[in-house]
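Undergrad: Structure file target_17.cif (mmCIF, C-alpha atoms and all ligand atoms) right here:
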data_run
#
loop_
_atom_site.group_PDB
_atom_site.id
_atom_site.type_symbol
_atom_site.label_atom_id
_atom_site.label_comp_id
_atom_site.auth_asym_id
_atom_site.auth_seq_id
_atom_site.Cartn_x
_atom_site.Cartn_y
_atom_site.Cartn_z
ATOM 1 C CA MET A 206 31.322 -11.736 2.260
ATOM 2 C CA ILE A 207 29.384 -14.999 2.145
ATOM 3 C CA LEU A 208 26.393 -15.157 -0.183
ATOM 4 C CA THR A 209 23.489 -17.578 -0.182
ATOM 5 C CA GLY A 210 21.572 -18.695 -3.237
ATOM 6 C CA LYS A 211 18.999 -16.005 -2.453
ATOM 7 C CA ALA A 212 21.484 -13.130 -2.589
ATOM 8 C CA LYS A 213 20.283 -9.984 -4.316
ATOM 9 C CA ILE A 214 22.615 -8.846 -7.076
ATOM 10 C CA ALA A 215 23.275 -5.324 -8.363
ATOM 11 C CA GLY A 216 26.245 -3.589 -9.966
ATOM 12 C CA VAL A 217 27.492 -0.755 -12.122
ATOM 13 C CA VAL A 218 27.999 -0.766 -15.899
ATOM 14 C CA GLY A 219 30.640 1.529 -17.320
ATOM 15 C CA TRP A 220 33.444 1.602 -19.907
ATOM 16 C CA PRO A 221 35.915 1.677 -18.352
ATOM 17 C CA VAL A 222 34.506 0.843 -14.934
ATOM 18 C CA SER A 223 37.726 0.337 -12.980
ATOM 19 C CA HIS A 224 37.731 3.948 -11.705
ATOM 20 C CA SER A 225 34.217 3.624 -10.240
ATOM 21 C CA LEU A 226 33.893 4.096 -6.481
ATOM 22 C CA SER A 227 30.391 2.588 -6.447
ATOM 23 C CA PRO A 228 31.377 -1.056 -5.710
ATOM 24 C CA ARG A 229 33.313 0.089 -2.640
ATOM 25 C CA LEU A 230 30.493 2.369 -1.534
ATOM 26 C CA HIS A 231 27.685 -0.175 -1.933
ATOM 27 C CA GLY A 232 29.920 -2.939 -0.561
ATOM 28 C CA TYR A 233 30.369 -0.908 2.627
ATOM 29 C CA TRP A 234 26.611 -0.557 3.071
ATOM 30 C CA LEU A 235 25.967 -4.252 2.307
ATOM 31 C CA GLU A 236 28.386 -5.226 5.045
ATOM 32 C CA GLN A 237 27.189 -2.554 7.476
ATOM 33 C CA TYR A 238 23.580 -3.699 7.183
ATOM 34 C CA GLY A 239 24.434 -7.435 6.996
ATOM 35 C CA ILE A 240 22.634 -7.865 3.684
ATOM 36 C CA ASP A 241 22.750 -11.076 1.666
ATOM 37 C CA GLY A 242 23.684 -9.281 -1.531
ATOM 38 C CA ALA A 243 26.482 -8.200 -3.859
ATOM 39 C CA TYR A 244 27.316 -5.140 -5.968
ATOM 40 C CA ILE A 245 29.771 -5.791 -8.766
ATOM 41 C CA PRO A 246 31.610 -3.739 -11.426
ATOM 42 C CA LEU A 247 30.534 -4.661 -14.971
ATOM 43 C CA ALA A 248 32.928 -3.497 -17.700
ATOM 44 C CA VAL A 249 30.646 -3.313 -20.734
ATOM 45 C CA ALA A 250 31.701 -1.877 -24.107
ATOM 46 C CA PRO A 251 29.295 0.556 -25.818
ATOM 47 C CA ASP A 252 28.335 -1.988 -28.505
ATOM 48 C CA ASN A 253 27.072 -4.412 -25.862
ATOM 49 C CA VAL A 254 25.393 -2.165 -23.340
ATOM 50 C CA THR A 255 21.822 -2.429 -24.636
ATOM 51 C CA GLU A 256 22.041 -6.226 -24.720
ATOM 52 C CA VAL A 257 23.453 -6.330 -21.196
ATOM 53 C CA ILE A 258 20.744 -4.029 -19.821
ATOM 54 C CA ARG A 259 17.979 -5.999 -21.558
ATOM 55 C CA GLY A 260 19.479 -9.177 -20.116
ATOM 56 C CA LEU A 261 19.375 -8.043 -16.472
ATOM 57 C CA PRO A 262 15.962 -9.610 -15.666
ATOM 58 C CA LYS A 263 17.037 -12.876 -17.287
ATOM 59 C CA MET A 264 20.005 -13.056 -14.913
ATOM 60 C CA GLY A 265 17.947 -12.122 -11.866
ATOM 61 C CA PHE A 266 19.589 -8.766 -11.197
ATOM 62 C CA ALA A 267 17.779 -6.425 -8.788
ATOM 63 C CA GLY A 268 19.146 -3.490 -10.781
ATOM 64 C CA ILE A 269 22.270 -1.537 -11.688
ATOM 65 C CA ASN A 270 23.881 1.847 -11.757
ATOM 66 C CA VAL A 271 24.988 3.237 -15.088
ATOM 67 C CA THR A 272 28.050 5.406 -15.486
ATOM 68 C CA VAL A 273 29.979 7.091 -18.292
ATOM 69 C CA PRO A 274 29.513 6.681 -21.255
ATOM 70 C CA HIS A 275 26.286 4.659 -21.033
ATOM 71 C CA LYS A 276 23.731 6.992 -19.422
ATOM 72 C CA GLU A 277 22.006 7.989 -22.687
ATOM 73 C CA ALA A 278 22.034 4.424 -24.064
ATOM 74 C CA ALA A 279 20.482 3.249 -20.795
ATOM 75 C CA PHE A 280 17.740 5.848 -21.192
ATOM 76 C CA ARG A 281 16.816 4.241 -24.527
ATOM 77 C CA ALA A 282 17.223 0.642 -23.363
ATOM 78 C CA VAL A 283 14.832 0.576 -20.377
ATOM 79 C CA ASP A 284 11.063 -0.069 -20.554
ATOM 80 C CA GLU A 285 10.062 3.055 -18.685
ATOM 81 C CA THR A 286 11.679 6.132 -17.175
ATOM 82 C CA ASP A 287 10.701 8.351 -14.296
ATOM 83 C CA GLU A 288 10.367 12.120 -14.516
ATOM 84 C CA THR A 289 13.935 12.896 -13.440
ATOM 85 C CA ALA A 290 15.358 10.665 -16.167
ATOM 86 C CA GLN A 291 13.009 12.092 -18.799
ATOM 87 C CA ARG A 292 14.046 15.637 -17.997
ATOM 88 C CA MET A 293 17.705 14.743 -18.379
ATOM 89 C CA GLY A 294 17.499 12.229 -21.201
ATOM 90 C CA ALA A 295 19.888 10.099 -19.152
ATOM 91 C CA VAL A 296 19.599 7.217 -16.700
ATOM 92 C CA ASN A 297 22.058 6.389 -13.897
ATOM 93 C CA THR A 298 19.923 3.938 -11.891
ATOM 94 C CA ILE A 299 17.926 0.969 -13.212
ATOM 95 C CA THR A 300 15.529 -1.150 -11.161
ATOM 96 C CA VAL A 301 14.204 -4.526 -12.277
ATOM 97 C CA GLY A 302 10.562 -4.940 -11.252
ATOM 98 C CA ALA A 303 8.970 -8.188 -10.052
ATOM 99 C CA ASP A 304 7.520 -8.560 -13.552
ATOM 100 C CA GLY A 305 10.964 -8.090 -15.135
ATOM 101 C CA LYS A 306 10.235 -4.561 -16.296
ATOM 102 C CA LEU A 307 13.215 -2.157 -16.350
ATOM 103 C CA THR A 308 12.663 1.295 -14.837
ATOM 104 C CA GLY A 309 15.265 4.018 -15.299
ATOM 105 C CA SER A 310 15.774 7.030 -13.075
ATOM 106 C CA ASN A 311 18.382 9.712 -12.575
ATOM 107 C CA THR A 312 19.594 10.410 -9.033
ATOM 108 C CA ASP A 313 22.433 12.865 -9.780
ATOM 109 C CA GLY A 314 20.296 15.921 -9.007
ATOM 110 C CA PHE A 315 18.973 14.246 -5.857
ATOM 111 C CA GLY A 316 22.559 13.564 -4.747
ATOM 112 C CA PHE A 317 23.561 17.171 -5.334
ATOM 113 C CA MET A 318 20.641 18.625 -3.329
ATOM 114 C CA ALA A 319 20.766 16.006 -0.543
ATOM 115 C CA HIS A 320 24.447 16.751 0.065
ATOM 116 C CA LEU A 321 23.813 20.513 -0.043
ATOM 117 C CA GLY A 322 21.018 20.123 2.542
ATOM 118 C CA ALA A 323 23.097 17.804 4.732
ATOM 119 C CA THR A 324 26.050 20.232 4.751
ATOM 120 C CA ILE A 325 24.252 23.612 4.942
ATOM 121 C CA SER A 326 21.027 22.938 6.802
ATOM 122 C CA ASN A 327 19.687 26.494 6.595
ATOM 123 C CA TRP A 328 20.489 27.254 2.939
ATOM 124 C CA LYS A 329 17.903 29.575 1.375
ATOM 125 C CA ALA A 330 17.362 29.265 -2.359
ATOM 126 C CA GLY A 331 18.543 32.526 -3.974
ATOM 127 C CA PRO A 332 20.523 33.345 -7.118
ATOM 128 C CA VAL A 333 23.167 30.711 -7.953
ATOM 129 C CA THR A 334 26.340 31.155 -9.995
ATOM 130 C CA MET A 335 27.218 28.027 -11.934
ATOM 131 C CA LEU A 336 30.423 27.324 -13.848
ATOM 132 C CA GLY A 337 30.286 24.727 -16.617
ATOM 133 C CA ALA A 338 27.532 23.555 -18.944
ATOM 134 C CA GLY A 339 28.207 19.826 -19.439
ATOM 135 C CA GLY A 340 26.092 16.812 -18.511
ATOM 136 C CA ALA A 341 26.521 17.306 -14.776
ATOM 137 C CA ALA A 342 25.422 20.951 -15.009
ATOM 138 C CA ARG A 343 22.092 20.058 -16.630
ATOM 139 C CA GLY A 344 20.949 17.789 -13.765
ATOM 140 C CA ILE A 345 22.128 20.225 -11.131
ATOM 141 C CA CYS A 346 20.356 23.179 -12.793
ATOM 142 C CA ARG A 347 17.144 21.154 -12.911
ATOM 143 C CA SER A 348 17.256 20.251 -9.242
ATOM 144 C CA LEU A 349 18.151 23.812 -8.195
ATOM 145 C CA ILE A 350 15.210 25.224 -10.157
ATOM 146 C CA ASP A 351 12.935 22.583 -8.615
ATOM 147 C CA ALA A 352 14.212 23.684 -5.186
ATOM 148 C CA GLY A 353 13.001 27.233 -5.881
ATOM 149 C CA VAL A 354 16.157 28.964 -7.118
ATOM 150 C CA PRO A 355 14.946 32.087 -8.939
ATOM 151 C CA GLU A 356 17.965 32.580 -11.198
ATOM 152 C CA ILE A 357 21.047 30.626 -12.262
ATOM 153 C CA ARG A 358 23.901 32.643 -13.725
ATOM 154 C CA LEU A 359 25.609 30.232 -16.040
ATOM 155 C CA SER A 360 29.146 30.722 -17.275
ATOM 156 C CA ASN A 361 30.935 28.280 -19.558
ATOM 157 C CA ARG A 362 34.175 28.495 -21.522
ATOM 158 C CA THR A 363 32.222 27.641 -24.680
ATOM 159 C CA ARG A 364 29.401 30.166 -24.476
ATOM 160 C CA ALA A 365 27.228 28.427 -27.091
ATOM 161 C CA ARG A 366 26.965 25.380 -24.862
ATOM 162 C CA ALA A 367 25.692 27.516 -21.992
ATOM 163 C CA GLU A 368 23.131 29.095 -24.329
ATOM 164 C CA THR A 369 21.880 25.677 -25.445
ATOM 165 C CA LEU A 370 21.395 24.682 -21.813
ATOM 166 C CA ALA A 371 19.738 27.994 -20.935
ATOM 167 C CA ALA A 372 17.204 27.486 -23.719
ATOM 168 C CA GLU A 373 15.915 24.408 -21.867
ATOM 169 C CA PHE A 374 15.053 26.422 -18.775
ATOM 170 C CA GLU A 375 12.681 29.158 -19.996
ATOM 171 C CA GLY A 376 14.365 32.272 -18.708
ATOM 172 C CA ARG A 377 15.596 31.027 -15.333
ATOM 173 C CA LEU A 378 19.170 30.623 -16.636
ATOM 174 C CA VAL A 379 21.130 33.746 -17.531
ATOM 175 C CA VAL A 380 24.294 33.233 -19.562
ATOM 176 C CA CYS A 381 27.417 35.195 -18.584
ATOM 177 C CA ASP A 382 30.636 35.288 -20.548
ATOM 178 C CA TRP A 383 33.447 33.111 -19.139
ATOM 179 C CA SER A 384 35.678 36.197 -19.039
ATOM 180 C CA GLU A 385 33.065 37.976 -16.923
ATOM 181 C CA LYS A 386 32.190 35.222 -14.485
ATOM 182 C CA GLU A 387 33.266 37.330 -11.491
ATOM 183 C CA ALA A 388 30.448 39.787 -12.224
ATOM 184 C CA ALA A 389 27.969 36.932 -11.750
ATOM 185 C CA LEU A 390 29.095 36.442 -8.133
ATOM 186 C CA ASP A 391 27.503 39.624 -6.786
ATOM 187 C CA GLY A 392 24.663 38.787 -4.392
ATOM 188 C CA ALA A 393 24.762 35.061 -5.214
ATOM 189 C CA THR A 394 23.760 32.537 -2.534
ATOM 190 C CA LEU A 395 25.815 29.638 -3.921
ATOM 191 C CA LEU A 396 28.723 29.100 -6.311
ATOM 192 C CA VAL A 397 28.893 25.706 -8.039
ATOM 193 C CA ASN A 398 31.802 24.422 -10.103
ATOM 194 C CA THR A 399 30.729 21.709 -12.549
ATOM 195 C CA THR A 400 33.767 22.087 -14.816
ATOM 196 C CA THR A 401 36.690 19.691 -14.667
ATOM 197 C CA LEU A 402 39.014 22.523 -13.598
ATOM 198 C CA GLY A 403 40.693 21.737 -10.274
ATOM 199 C CA MET A 404 40.676 17.992 -10.886
ATOM 200 C CA ALA A 405 43.992 16.223 -10.274
ATOM 201 C CA GLY A 406 46.046 16.726 -13.429
ATOM 202 C CA ALA A 407 43.909 19.618 -14.734
ATOM 203 C CA ASP A 408 44.487 23.347 -14.384
ATOM 204 C CA ALA A 409 43.048 25.030 -11.301
ATOM 205 C CA LEU A 410 39.976 27.219 -11.727
ATOM 206 C CA ASP A 411 41.154 30.808 -11.911
ATOM 207 C CA ILE A 412 38.513 33.000 -10.289
ATOM 208 C CA ASP A 413 38.553 36.113 -8.111
ATOM 209 C CA LEU A 414 36.048 35.551 -5.300
ATOM 210 C CA SER A 415 36.256 39.046 -3.811
ATOM 211 C CA GLY A 416 32.773 39.981 -5.072
ATOM 212 C CA PHE A 417 31.140 36.823 -3.684
ATOM 213 C CA PRO A 418 29.267 37.110 -0.348
ATOM 214 C CA GLU A 419 31.374 35.545 2.430
ATOM 215 C CA THR A 420 28.406 33.759 3.957
ATOM 216 C CA ALA A 421 27.487 31.890 0.764
ATOM 217 C CA PRO A 422 28.714 28.321 0.237
ATOM 218 C CA VAL A 423 31.026 27.158 -2.549
ATOM 219 C CA TYR A 424 30.220 23.694 -3.926
ATOM 220 C CA ASP A 425 32.774 21.909 -6.106
ATOM 221 C CA ILE A 426 31.610 18.686 -7.734
ATOM 222 C CA VAL A 427 35.228 17.692 -8.419
ATOM 223 C CA TYR A 428 36.277 15.200 -5.704
ATOM 224 C CA THR A 429 39.809 14.238 -6.723
ATOM 225 C CA PRO A 430 41.438 15.944 -4.866
ATOM 226 C CA ARG A 431 38.944 16.119 -1.998
ATOM 227 C CA VAL A 432 39.833 19.767 -1.316
ATOM 228 C CA THR A 433 40.234 21.473 -4.679
ATOM 229 C CA PRO A 434 42.110 24.765 -5.107
ATOM 230 C CA LEU A 435 38.694 26.483 -5.400
ATOM 231 C CA LEU A 436 37.504 25.048 -2.066
ATOM 232 C CA ARG A 437 40.772 26.008 -0.408
ATOM 233 C CA GLN A 438 40.493 29.546 -1.761
ATOM 234 C CA ALA A 439 36.890 29.765 -0.531
ATOM 235 C CA ALA A 440 37.709 28.402 2.938
ATOM 236 C CA GLU A 441 40.571 30.879 3.311
ATOM 237 C CA ARG A 442 38.164 33.812 2.945
ATOM 238 C CA GLY A 443 35.605 32.198 5.287
ATOM 239 C CA ASN A 444 33.029 30.802 2.866
ATOM 240 C CA PRO A 445 31.396 27.496 3.839
ATOM 241 C CA THR A 446 32.578 24.760 1.459
ATOM 242 C CA ILE A 447 30.863 21.659 0.091
ATOM 243 C CA GLU A 448 33.010 18.789 -1.186
ATOM 244 C CA GLY A 449 32.051 16.884 -4.316
ATOM 245 C CA LEU A 450 32.422 13.422 -2.834
ATOM 246 C CA GLY A 451 29.202 13.842 -0.827
ATOM 247 C CA MET A 452 27.171 14.216 -4.014
ATOM 248 C CA LEU A 453 28.455 10.831 -5.182
ATOM 249 C CA LEU A 454 27.612 9.205 -1.857
ATOM 250 C CA HIS A 455 24.092 10.633 -1.725
ATOM 251 C CA GLN A 456 23.226 9.832 -5.356
ATOM 252 C CA ALA A 457 23.775 6.159 -4.528
ATOM 253 C CA ARG A 458 21.101 6.053 -1.807
ATOM 254 C CA PRO A 459 17.907 5.612 -3.895
ATOM 255 C CA GLY A 460 19.355 2.674 -5.894
ATOM 256 C CA PHE A 461 20.558 0.858 -2.790
ATOM 257 C CA ALA A 462 17.168 1.316 -1.112
ATOM 258 C CA ALA A 463 15.315 0.012 -4.180
ATOM 259 C CA TRP A 464 17.528 -3.068 -4.692
ATOM 260 C CA PHE A 465 18.335 -4.127 -1.147
ATOM 261 C CA GLY A 466 15.337 -2.774 0.807
ATOM 262 C CA ILE A 467 17.163 -0.560 3.310
ATOM 263 C CA GLU A 468 17.550 3.231 3.273
ATOM 264 C CA PRO A 469 21.329 3.594 3.685
ATOM 265 C CA GLU A 470 22.969 6.418 5.601
ATOM 266 C CA VAL A 471 25.819 8.664 4.506
ATOM 267 C CA THR A 472 28.161 8.930 7.491
ATOM 268 C CA PRO A 473 31.650 10.358 8.098
ATOM 269 C CA ALA A 474 32.932 6.750 8.430
ATOM 270 C CA LEU A 475 31.589 5.925 4.962
ATOM 271 C CA ARG A 476 33.200 9.039 3.525
ATOM 272 C CA ASP A 477 36.562 8.126 5.082
ATOM 273 C CA PHE A 478 36.276 4.550 3.797
ATOM 274 C CA VAL A 479 35.619 5.709 0.226
ATOM 275 C CA LEU A 480 38.353 8.351 0.491
ATOM 276 C CA GLU A 481 40.929 5.711 1.464
ATOM 277 C CA SER A 482 40.696 4.319 -2.040
ATOM 278 C CA LEU A 483 41.407 7.754 -3.543
ATOM 279 C CA ALA A 484 44.529 8.333 -1.471
HETATM 280 P P1 LIG B 1 30.259 16.514 -17.553
HETATM 281 O O1 LIG B 1 29.255 15.923 -18.471
HETATM 282 O O2 LIG B 1 30.747 15.551 -16.486
HETATM 283 O O3 LIG B 1 29.828 17.824 -16.969
HETATM 284 P P2 LIG B 1 31.753 17.557 -19.771
HETATM 285 O O4 LIG B 1 30.549 17.489 -20.601
HETATM 286 O O5 LIG B 1 33.042 17.074 -20.349
HETATM 287 O O6 LIG B 1 31.591 16.759 -18.422
HETATM 288 O O7 LIG B 1 31.909 19.054 -19.254
HETATM 289 C C1 LIG B 1 33.073 19.514 -18.706
HETATM 290 C C2 LIG B 1 32.923 20.994 -18.374
HETATM 291 O O8 LIG B 1 34.199 21.493 -17.982
HETATM 292 C C3 LIG B 1 32.466 21.844 -19.550
HETATM 293 O O9 LIG B 1 31.650 22.882 -19.063
HETATM 294 C C4 LIG B 1 33.794 22.355 -20.085
HETATM 295 O O10 LIG B 1 33.695 23.558 -20.825
HETATM 296 P P3 LIG B 1 33.433 23.516 -22.418
HETATM 297 O O11 LIG B 1 31.969 23.304 -22.615
HETATM 298 O O12 LIG B 1 33.912 24.844 -22.910
HETATM 299 O O13 LIG B 1 34.270 22.369 -22.957
HETATM 300 C C5 LIG B 1 34.529 22.610 -18.809
HETATM 301 N N1 LIG B 1 35.977 22.679 -18.997
HETATM 302 C C6 LIG B 1 36.828 21.672 -19.250
HETATM 303 N N2 LIG B 1 38.101 22.140 -19.354
HETATM 304 C C7 LIG B 1 38.041 23.488 -19.183
HETATM 305 C C8 LIG B 1 39.010 24.551 -19.185
HETATM 306 N N3 LIG B 1 40.325 24.305 -19.381
HETATM 307 N N4 LIG B 1 38.581 25.812 -18.968
HETATM 308 C C9 LIG B 1 37.269 26.075 -18.763
HETATM 309 N N5 LIG B 1 36.302 25.113 -18.742
HETATM 310 C C10 LIG B 1 36.677 23.840 -18.953
#
Turn this file's structure into C-alpha cells for me.
Ligand code: ATR

TA:
Amino acid sequence: MILTGKAKIAGVVGWPVSHSLSPRLHGYWLEQYGIDGAYIPLAVAPDNVTEVIRGLPKMGFAGINVTVPHKEAAFRAVDETDETAQRMGAVNTITVGADGKLTGSNTDGFGFMAHLGATISNWKAGPVTMLGAGGAARGICRSLIDAGVPEIRLSNRTRARAETLAAEFEGRLVVCDWSEKEAALDGATLLVNTTTLGMAGADALDIDLSGFPETAPVYDIVYTPRVTPLLRQAAERGNPTIEGLGMLLHQARPGFAAWFGIEPEVTPALRDFVLESLA
C-alpha cells in the first residue's frame, strides 16, 4: 500500500480493538478498488473516546467505525445522528462532513437484512423466533419490524431483559420463556440466534428444532466458528442456513461508500479472505 498526501483516512475505535476484522475487510476493498486511502485500528480507552471522536475533523479523518464498548459514547459524542442511530441509542459508523460536522449512524440492522436478502432472495416476512435480548437483538428486531415482520417471538435466558426490549416495540414482540423456546418455533419463517451460545469456547445452544418448518432459514449471528452447532443442526434437517460473518461484511458497506466514494461489493473471495484470519 502506497499512500499519497491526499489519502483518505478512516479506521475503527474499540477497546480492545485487536480482535476487530474491520481493518482487514476495509483494507481488502481499498486494494481491490485501487483507492488512495487507509483504514486503521485505533485502540482507544473509554476515558479518551469522546476526545478522540471530537478530534477526528482536526486530524482530517473521513470517518470511523465504532465497536465495543464505545457505541453509546459515540452516540453522545457526535453532532448529529440519523434515524437508525436514534432508534438504537448507539452509533457504529461516523462520517466527517466537509464542514467538520460529525454524523453518526448505525448499520448493524442494515447488515443483518442485506445479508438475509443476499442469501435467501425470496424470503417473505412472517413470524420470526429470536433468541437473545442483548444489544445486537435490539437492532435486528428494529430492522425486521421495518421489513414488515408481523410478530417476533423473543426468548431470552433472563426473561426481564426480553420484556424490557419488547416494551420498546408496541406489541410486535411477544416474550416466550427460555424453557419454552421450542413452542415459539411453530409456523415461524426465520429463527435468529443473537445469544453468544455456540461461540468458540461457549456452550452450544441446546434447542430441539423438530417443530420448526424445514423450509425456513436459520440465521446465527455468531461467526466464530463459521458453522456453529446450531447451523450444523439446521443444515442436517434441511433448513437453509445463514452464517453470521455476512452480517459483519454487509454492515461495513455504508461506511466505506461514505468515506471512500465507492459502493463496495461483498463477494465469496472477500468472505474467504476475512475467514483466513479466523482460522
Ligand atoms: P450483545 O450486545 O452483543 O447482544 P450481550 O448484551 O452480552 O451481547 O447479550 C448476550 C446474549 O446472550 C444475551 O441475550 C444473553 O442472555 P442474558 O440476557 O440472560 O444474559 C445471552 N447468553 C449469554 N450466555 C448465555 C447462556 N449460557 N445461556 C443462554 N443465553 C445466554

Undergrad: Produce the centre coordinates and the three edge lengths, each in Å to one decimal, of the box along x, y and z that contains all listed atoms of ligand LIG 1 (chain B) with 5 Å added on each side, as lines of an AutoDock Vina configuration file.

TA:
center_x = 34.8
center_y = 20.8
center_z = -19.7
size_x = 21.1
size_y = 20.5
size_z = 16.5

Undergrad: Taking (26.9, -2.2, -20.8) in the file's coordinates, which residues come within 10 Å, counting all atoms listed in the file, written as an mmCIF file with C-alpha atoms, in the frame of the given file?

TA:
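What landed in out37.cif:
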data_model
loop_
_atom_site.group_PDB
_atom_site.id
_atom_site.type_symbol
_atom_site.label_atom_id
_atom_site.label_comp_id
_atom_site.auth_asym_id
_atom_site.auth_seq_id
_atom_site.Cartn_x
_atom_site.Cartn_y
_atom_site.Cartn_z
ATOM 1 C CA VAL A 217 27.492 -0.755 -12.122
ATOM 2 C CA VAL A 218 27.999 -0.766 -15.899
ATOM 3 C CA GLY A 219 30.640 1.529 -17.320
ATOM 4 C CA TRP A 220 33.444 1.602 -19.907
ATOM 5 C CA LEU A 247 30.534 -4.661 -14.971
ATOM 6 C CA ALA A 248 32.928 -3.497 -17.700
ATOM 7 C CA VAL A 249 30.646 -3.313 -20.734
ATOM 8 C CA ALA A 250 31.701 -1.877 -24.107
ATOM 9 C CA PRO A 251 29.295 0.556 -25.818
ATOM 10 C CA ASP A 252 28.335 -1.988 -28.505
ATOM 11 C CA ASN A 253 27.072 -4.412 -25.862
ATOM 12 C CA VAL A 254 25.393 -2.165 -23.340
ATOM 13 C CA THR A 255 21.822 -2.429 -24.636
ATOM 14 C CA GLU A 256 22.041 -6.226 -24.720
ATOM 15 C CA VAL A 257 23.453 -6.330 -21.196
ATOM 16 C CA ILE A 258 20.744 -4.029 -19.821
ATOM 17 C CA ARG A 259 17.979 -5.999 -21.558
ATOM 18 C CA VAL A 271 24.988 3.237 -15.088
ATOM 19 C CA THR A 272 28.050 5.406 -15.486
ATOM 20 C CA PRO A 274 29.513 6.681 -21.255
ATOM 21 C CA HIS A 275 26.286 4.659 -21.033
ATOM 22 C CA LYS A 276 23.731 6.992 -19.422
ATOM 23 C CA ALA A 278 22.034 4.424 -24.064
ATOM 24 C CA ALA A 279 20.482 3.249 -20.795
#

Undergrad: Which residues come within 9 Å of Leu475 in chain A, counting only C-alpha atoms, excluding same-chain residues fewer than 3 positions away, as a list of chain:residue names?

TA: A:Leu230, A:Tyr233, A:Trp234, A:Leu454, A:Glu470, A:Val471, A:Thr472, A:Phe478, A:Val479, A:Leu480

Undergrad: Spell out the residues picked by the PyMOL selection byres (((not hetatm)) within 9 of (chain B and resi 1)) here, as JSON, numbers by chain.

TA: {"A": [273, 336, 337, 338, 339, 340, 341, 342, 343, 360, 361, 362, 363, 364, 365, 366, 367, 383, 398, 399, 400, 401, 402, 407, 408, 409, 410]}

Undergrad: Hey, can you check how far CA of Ala212 in chain A sits from CA of His224 in chain A?

TA: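 Interatomic distance here is 25.3 Å.
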
Undergrad: Quick one: pull the distance between CA of Leu435 in chain A and CA of Ala405 in chain A, Å, one decimal.

TA: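 Answer for the CA of Leu435 in chain A to CA of Ala405 in chain A separation: 12.5 Å.
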
Undergrad: Evaluating the PyMOL selection byres (((chain A and resi 483) around 9) and not hetatm) on the displayed file yields which residues, as a list in words?

TA: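 Taken over the shown coordinates, the PyMOL selection byres (((chain A and resi 483) around 9) and not hetatm) returns Leu226, Thr429, Pro430, Arg431, Val479, Leu480, Glu481, Ser482 and Ala484 of chain A.
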
Undergrad: For the structure provided, state which residues fall under the PyMOL selection byres (((chain A and resi 328) around 12) and not hetatm), and present them as JSON, numbers by chain.

TA: {"A": [318, 319, 320, 321, 322, 323, 324, 325, 326, 327, 329, 330, 331, 332, 333, 349, 352, 353, 354, 394, 395, 420, 421, 422, 423, 445]}

Undergrad: Residues of range 395-460 of chain A within 12 Å of range 296-307 of chain A: nearest atom pair and distance (Å, one decimal) for each, counting all atoms listed in the file, sorted by chain and number, as CSV?

TA:
residue,atom,partner,partner_atom,distance
A:Leu453,CA,A:Asn297,CA,11.7
A:Gln456,CA,A:Asn297,CA,9.3
A:Ala457,CA,A:Thr298,CA,8.6
A:Arg458,CA,A:Thr298,CA,10.4
A:Pro459,CA,A:Thr298,CA,8.4
A:Gly460,CA,A:Thr298,CA,6.2

Undergrad: Suppose you want the space between CA of Asp411 in chain A and CA of Ile350 in chain A; what is it in Å?

TA: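 A separation of 26.6 Å between them.
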
Undergrad: Write out as a ChimeraX atom specification the residues lying within 7 Å of range 461-466 of chain A, counting all atoms listed in the file and excluding same-chain residues fewer than 4 positions away.

TA: /A:213,267-268,457

Undergrad: Within 9 Å of (31.1, -13.3, 3.1), only C-alpha atoms: residues as an NGL selection string?

TA: :A and (206-208 or 236 or 241)

Undergrad: Would you mind telling me which residue in A:Gly406, A:Gly443, A:Gly309, A:Gly216 lies nearest to Ile269 in chain A when using all atoms listed in the file?

TA: A:Gly216

Undergrad: Place N, CA and C atoms on range 216-226 of chain A and deliver the coordinates as a PDB file, keeping the file's coordinate frame.

TA:
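Contents of the output file result.pdb:
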ATOM      1  N   GLY A 216      24.904  -3.923  -9.510  1.00  0.00           N
ATOM      2  CA  GLY A 216      26.245  -3.589  -9.966  1.00  0.00           C
ATOM      3  C   GLY A 216      26.259  -2.259 -10.682  1.00  0.00           C
ATOM      4  N   VAL A 217      27.375  -1.997 -11.348  1.00  0.00           N
ATOM      5  CA  VAL A 217      27.492  -0.755 -12.122  1.00  0.00           C
ATOM      6  C   VAL A 217      28.077  -1.096 -13.484  1.00  0.00           C
ATOM      7  N   VAL A 218      27.436  -0.600 -14.557  1.00  0.00           N
ATOM      8  CA  VAL A 218      27.999  -0.766 -15.899  1.00  0.00           C
ATOM      9  C   VAL A 218      28.686   0.529 -16.325  1.00  0.00           C
ATOM     10  N   GLY A 219      29.879   0.377 -16.838  1.00  0.00           N
ATOM     11  CA  GLY A 219      30.640   1.529 -17.320  1.00  0.00           C
ATOM     12  C   GLY A 219      31.715   1.040 -18.276  1.00  0.00           C
ATOM     13  N   TRP A 220      32.374   1.972 -18.966  1.00  0.00           N
ATOM     14  CA  TRP A 220      33.444   1.602 -19.907  1.00  0.00           C
ATOM     15  C   TRP A 220      34.422   2.748 -20.012  1.00  0.00           C
ATOM     16  N   PRO A 221      35.518   2.729 -19.287  1.00  0.00           N
ATOM     17  CA  PRO A 221      35.915   1.677 -18.352  1.00  0.00           C
ATOM     18  C   PRO A 221      35.123   1.784 -17.059  1.00  0.00           C
ATOM     19  N   VAL A 222      35.235   0.790 -16.200  1.00  0.00           N
ATOM     20  CA  VAL A 222      34.506   0.843 -14.934  1.00  0.00           C
ATOM     21  C   VAL A 222      35.473   0.781 -13.752  1.00  0.00           C
ATOM     22  N   SER A 223      36.754   0.579 -14.063  1.00  0.00           N
ATOM     23  CA  SER A 223      37.726   0.337 -12.980  1.00  0.00           C
ATOM     24  C   SER A 223      37.890   1.540 -12.051  1.00  0.00           C
ATOM     25  N   HIS A 224      37.575   2.756 -12.537  1.00  0.00           N
ATOM     26  CA  HIS A 224      37.731   3.948 -11.705  1.00  0.00           C
ATOM     27  C   HIS A 224      36.531   4.148 -10.764  1.00  0.00           C
ATOM     28  N   SER A 225      35.462   3.364 -10.977  1.00  0.00           N
ATOM     29  CA  SER A 225      34.217   3.624 -10.240  1.00  0.00           C
ATOM     30  C   SER A 225      34.376   3.358  -8.740  1.00  0.00           C
ATOM     31  N   LEU A 226      33.866   4.270  -7.938  1.00  0.00           N
ATOM     32  CA  LEU A 226      33.893   4.096  -6.481  1.00  0.00           C
ATOM     33  C   LEU A 226      32.651   3.360  -5.990  1.00  0.00           C
TER      34      LEU A 226
END
